[in-house]
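data_24.tsv (TSV, C-alpha atoms)
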chain	number	residue	atom	x	y	z
A	21	GLN	CA	4.28	5.42	17.33
A	22	VAL	CA	4.33	2.98	14.42
A	23	GLN	CA	7.34	2.12	12.32
A	24	LEU	CA	6.80	0.64	8.87
A	25	VAL	CA	9.37	-1.25	6.83
A	26	GLU	CA	8.66	-2.27	3.24
A	27	SER	CA	10.38	-5.08	1.37
A	28	GLY	CA	9.98	-7.15	-1.77
A	29	GLY	CA	10.67	-4.59	-4.47
A	30	GLY	CA	12.94	-5.26	-7.41
A	31	LEU	CA	13.31	-5.48	-11.16
A	32	VAL	CA	10.79	-7.53	-13.12
A	33	GLN	CA	9.80	-7.88	-16.76
A	34	ALA	CA	6.45	-6.67	-18.00
A	35	GLY	CA	3.79	-9.27	-17.31
A	36	GLY	CA	5.61	-10.52	-14.23
A	37	SER	CA	4.68	-10.46	-10.57
A	38	LEU	CA	6.03	-9.14	-7.29
A	39	ARG	CA	4.80	-9.33	-3.72
A	40	LEU	CA	5.52	-6.39	-1.45
A	41	SER	CA	5.45	-6.70	2.32
A	42	CYS	CA	5.22	-4.02	4.97
A	43	ALA	CA	6.09	-4.97	8.54
A	44	ALA	CA	4.80	-2.74	11.32
A	45	SER	CA	6.08	-2.30	14.83
A	46	GLY	CA	3.83	-1.95	17.85
A	47	ARG	CA	0.94	-3.94	19.27
A	48	THR	CA	-1.92	-1.89	17.83
A	49	PHE	CA	-1.55	-2.80	14.16
A	50	SER	CA	-5.19	-3.82	13.86
A	51	SER	CA	-6.30	-0.34	14.88
A	52	TYR	CA	-4.90	1.17	11.67
A	53	VAL	CA	-6.26	1.25	8.18
A	54	MET	CA	-3.33	0.34	5.94
A	55	GLY	CA	-2.65	1.71	2.49
A	56	TRP	CA	-0.16	1.42	-0.34
A	57	PHE	CA	0.92	4.41	-2.41
A	58	ARG	CA	3.51	4.87	-5.13
A	59	GLN	CA	5.58	7.71	-6.52
A	60	ALA	CA	7.27	7.77	-9.91
A	61	PRO	CA	10.09	10.21	-10.70
A	62	GLY	CA	8.76	13.70	-11.26
A	63	LYS	CA	5.23	12.75	-10.23
A	64	GLU	CA	3.14	13.17	-7.12
A	65	ARG	CA	2.58	10.31	-4.73
A	66	GLU	CA	-0.52	8.41	-5.81
A	67	PHE	CA	-2.90	6.03	-4.13
A	68	VAL	CA	-2.73	2.32	-4.99
A	69	ALA	CA	-4.82	0.33	-2.50
A	70	VAL	CA	-6.20	0.35	1.03
A	71	ILE	CA	-7.45	-2.30	3.43
A	72	SER	CA	-9.68	-2.05	6.48
A	73	TYR	CA	-8.71	-2.94	10.04
A	74	PHE	CA	-9.36	-6.68	9.79
A	75	GLY	CA	-9.16	-7.04	6.03
A	76	SER	CA	-12.88	-7.33	5.31
A	77	SER	CA	-12.88	-4.38	2.92
A	78	THR	CA	-10.48	-3.19	0.25
A	79	TYR	CA	-10.39	-0.40	-2.29
A	80	TYR	CA	-8.14	0.05	-5.32
A	81	ALA	CA	-7.08	2.70	-7.75
A	82	ASP	CA	-8.58	2.09	-11.18
A	83	SER	CA	-5.11	1.74	-12.66
A	84	VAL	CA	-4.37	-1.41	-10.62
A	85	LYS	CA	-7.82	-2.93	-10.14
A	86	GLY	CA	-7.87	-6.56	-11.19
A	87	ARG	CA	-4.07	-6.81	-11.17
A	88	PHE	CA	-3.07	-5.93	-7.59
A	89	THR	CA	-4.35	-7.45	-4.34
A	90	ILE	CA	-3.89	-5.95	-0.89
A	91	SER	CA	-4.09	-8.17	2.19
A	92	ARG	CA	-3.03	-8.11	5.82
A	93	ASP	CA	-2.08	-10.52	8.57
A	94	ASN	CA	-2.70	-8.83	11.92
A	95	ALA	CA	-1.03	-11.68	13.82
A	96	LYS	CA	2.18	-10.85	11.94
A	97	ASN	CA	1.68	-7.07	11.89
A	98	THR	CA	2.15	-7.17	8.14
A	99	VAL	CA	0.33	-5.84	5.10
A	100	TYR	CA	0.99	-7.18	1.61
A	101	LEU	CA	0.58	-6.03	-1.96
A	102	GLN	CA	0.49	-8.79	-4.56
A	103	MET	CA	1.19	-7.28	-7.96
A	104	ASN	CA	0.45	-9.31	-11.08
A	105	SER	CA	0.54	-8.49	-14.80
A	106	LEU	CA	2.96	-5.69	-14.10
A	107	LYS	CA	3.38	-2.92	-16.66
A	108	PRO	CA	6.25	-0.46	-17.22
A	109	GLU	CA	3.97	2.32	-15.96
A	110	ASP	CA	3.87	0.57	-12.56
A	111	THR	CA	7.52	1.54	-12.07
A	112	ALA	CA	7.76	3.65	-8.91
A	113	VAL	CA	8.81	3.71	-5.29
A	114	TYR	CA	6.07	1.97	-3.33
A	115	TYR	CA	5.19	3.12	0.17
A	116	CYS	CA	2.99	1.60	2.82
A	117	ALA	CA	1.17	3.87	5.24
A	118	ALA	CA	-0.91	3.60	8.40
A	119	SER	CA	-3.96	5.70	9.17
A	120	SER	CA	-5.73	6.18	12.49
A	121	TYR	CA	-8.55	8.11	10.79
A	122	SER	CA	-11.89	6.47	11.52
A	123	GLY	CA	-13.80	7.23	8.36
A	124	SER	CA	-16.69	5.06	7.27
A	125	SER	CA	-15.75	4.76	3.62
A	126	LEU	CA	-12.46	3.37	2.38
A	127	THR	CA	-12.63	5.64	-0.66
A	128	ARG	CA	-11.60	8.53	1.58
A	129	PHE	CA	-8.31	6.78	2.29
A	130	SER	CA	-7.01	7.56	-1.15
A	131	ARG	CA	-5.92	10.90	0.32
A	132	VAL	CA	-2.28	11.12	1.42
A	133	GLU	CA	-3.09	13.52	4.25
A	134	LEU	CA	-5.17	10.93	6.13
A	135	TYR	CA	-2.11	8.80	6.91
A	136	ASP	CA	-0.08	9.20	10.10
A	137	TYR	CA	2.90	6.95	9.43
A	138	TRP	CA	4.88	6.07	6.32
A	139	GLY	CA	7.56	3.56	5.45
A	140	GLN	CA	10.78	4.42	3.67
A	141	GLY	CA	9.64	2.92	0.37
A	142	THR	CA	10.76	0.08	-1.87
A	143	GLN	CA	11.66	0.45	-5.54
A	144	VAL	CA	9.71	-1.47	-8.17
A	145	THR	CA	11.03	-1.36	-11.72
A	146	VAL	CA	9.17	-3.01	-14.59
A	147	SER	CA	11.09	-3.40	-17.82
A	148	SER	CA	9.39	-3.57	-21.22
Could you express the structure from this file as structure tokens?
Amino acid sequence: QVQLVESGGGLVQAGGSLRLSCAASGRTFSSYVMGWFRQAPGKEREFVAVISYFGSSTYYADSVKGRFTISRDNAKNTVYLQMNSLKPEDTAVYYCAASSYSGSSLTRFSRVELYDYWGQGTQVTVSS
């Protein structure tokens, strides 16, 4: 069992930055691929970014590529999402998720159904 707790959300002006954190319980954090998703009101949950077990590989949605950076610190059981050049369309509840699926390509981890555990979410609001 893994428990995930996100933090770092808030209100920011367009062009600003935020850093989200997701702290995980348990001693097997490095055995999970970790992802970030987001959900805006009235929309489906969408993939943002994913990182491999030890952080050597990452994959991003086209909408955030070049602006967002995912990273992890396995010693702290924490995954991060650095968000720069934020836009109003980035406004959403952001969720971190843990996957025990052992696929070879990170592109597969854009699928919600591959994740076993989810955090409660943190709100990010970008004003124009």
What's around segment 38-54 of chain A at 8 Å? Count all atoms listed in the file, leave out sequence neighbours fewer than 5 positions away in its own chain, and write the answer as a PDB file with C-alpha atoms, keeping the file's coordinate frame.
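Final file, around16.pdb:
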ATOM      1  CA  GLN A  21       4.280   5.420  17.330  1.00  0.00           C
ATOM      2  CA  VAL A  22       4.330   2.980  14.420  1.00  0.00           C
ATOM      3  CA  GLN A  23       7.340   2.120  12.320  1.00  0.00           C
ATOM      4  CA  LEU A  24       6.800   0.640   8.870  1.00  0.00           C
ATOM      5  CA  VAL A  25       9.370  -1.250   6.830  1.00  0.00           C
ATOM      6  CA  GLU A  26       8.660  -2.270   3.240  1.00  0.00           C
ATOM      7  CA  SER A  27      10.380  -5.080   1.370  1.00  0.00           C
ATOM      8  CA  GLY A  28       9.980  -7.150  -1.770  1.00  0.00           C
ATOM      9  CA  GLY A  29      10.670  -4.590  -4.470  1.00  0.00           C
ATOM     10  CA  GLY A  30      12.940  -5.260  -7.410  1.00  0.00           C
ATOM     11  CA  VAL A  32      10.790  -7.530 -13.120  1.00  0.00           C
ATOM     12  CA  VAL A  70      -6.200   0.350   1.030  1.00  0.00           C
ATOM     13  CA  ILE A  71      -7.450  -2.300   3.430  1.00  0.00           C
ATOM     14  CA  SER A  72      -9.680  -2.050   6.480  1.00  0.00           C
ATOM     15  CA  TYR A  73      -8.710  -2.940  10.040  1.00  0.00           C
ATOM     16  CA  PHE A  74      -9.360  -6.680   9.790  1.00  0.00           C
ATOM     17  CA  ASN A  94      -2.700  -8.830  11.920  1.00  0.00           C
ATOM     18  CA  LYS A  96       2.180 -10.850  11.940  1.00  0.00           C
ATOM     19  CA  ASN A  97       1.680  -7.070  11.890  1.00  0.00           C
ATOM     20  CA  THR A  98       2.150  -7.170   8.140  1.00  0.00           C
ATOM     21  CA  VAL A  99       0.330  -5.840   5.100  1.00  0.00           C
ATOM     22  CA  TYR A 100       0.990  -7.180   1.610  1.00  0.00           C
ATOM     23  CA  LEU A 101       0.580  -6.030  -1.960  1.00  0.00           C
ATOM     24  CA  GLN A 102       0.490  -8.790  -4.560  1.00  0.00           C
ATOM     25  CA  MET A 103       1.190  -7.280  -7.960  1.00  0.00           C
ATOM     26  CA  ASN A 104       0.450  -9.310 -11.080  1.00  0.00           C
ATOM     27  CA  CYS A 116       2.990   1.600   2.820  1.00  0.00           C
ATOM     28  CA  ALA A 117       1.170   3.870   5.240  1.00  0.00           C
ATOM     29  CA  ALA A 118      -0.910   3.600   8.400  1.00  0.00           C
ATOM     30  CA  SER A 119      -3.960   5.700   9.170  1.00  0.00           C
ATOM     31  CA  SER A 120      -5.730   6.180  12.490  1.00  0.00           C
ATOM     32  CA  TYR A 121      -8.550   8.110  10.790  1.00  0.00           C
ATOM     33  CA  GLY A 139       7.560   3.560   5.450  1.00  0.00           C
TER      34      GLY A 139
END
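Comparing A:Ser105, A:Ser37, A:Thr145, A:Ser76 by their smallest distance to Asp93 of chain A, the closest is A:Ser76 (using all atoms listed in the file).
Closest approach to Glu109 of chain A among A:Ser83, A:Gly36, A:Thr142, A:Val68 is made by A:Ser83 (distances from all atoms listed in the file).
Separating atom CA of Asp82 of chain A from atom CA of Leu31 of chain A is a distance of 23.2 Å.
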TODO: Considering all atoms listed in the file, return as a ChimeraX atom specification whatever protein or nucleic-acid residues lie within 7 Å of Tyr115 of chain A, sequence-local ones (same chain, fewer than 2 positions apart) excluded.
DONE: /A:56-58,113,117,138-142
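If all atoms listed in the file are the atoms counted, then among A:Lys107, A:Lys85, A:Arg92, A:Arg131 the closest residue to Glu66 of chain A is A:Arg131.
You will find atom CA of Glu64 of chain A at 16.1 Å from atom CA of Val144 of chain A.
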- [ ] Quick one: residues within 7 Å of (7.3, -5.8, -21.1) (file frame), counting only C-alpha atoms, please, as a ChimeraX atom specification.
- [x] /A:33-35,107-108,147-148
Output the selection as a PDB file, in the coordinates of the input - C-alpha atoms for each residue.
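And here's part-v6.pdb as it stands now:
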ATOM      1  CA  GLN A  33       9.800  -7.880 -16.760  1.00  0.00           C
ATOM      2  CA  ALA A  34       6.450  -6.670 -18.000  1.00  0.00           C
ATOM      3  CA  GLY A  35       3.790  -9.270 -17.310  1.00  0.00           C
ATOM      4  CA  LYS A 107       3.380  -2.920 -16.660  1.00  0.00           C
ATOM      5  CA  PRO A 108       6.250  -0.460 -17.220  1.00  0.00           C
ATOM      6  CA  SER A 147      11.090  -3.400 -17.820  1.00  0.00           C
ATOM      7  CA  SER A 148       9.390  -3.570 -21.220  1.00  0.00           C
TER       8      SER A 148
END
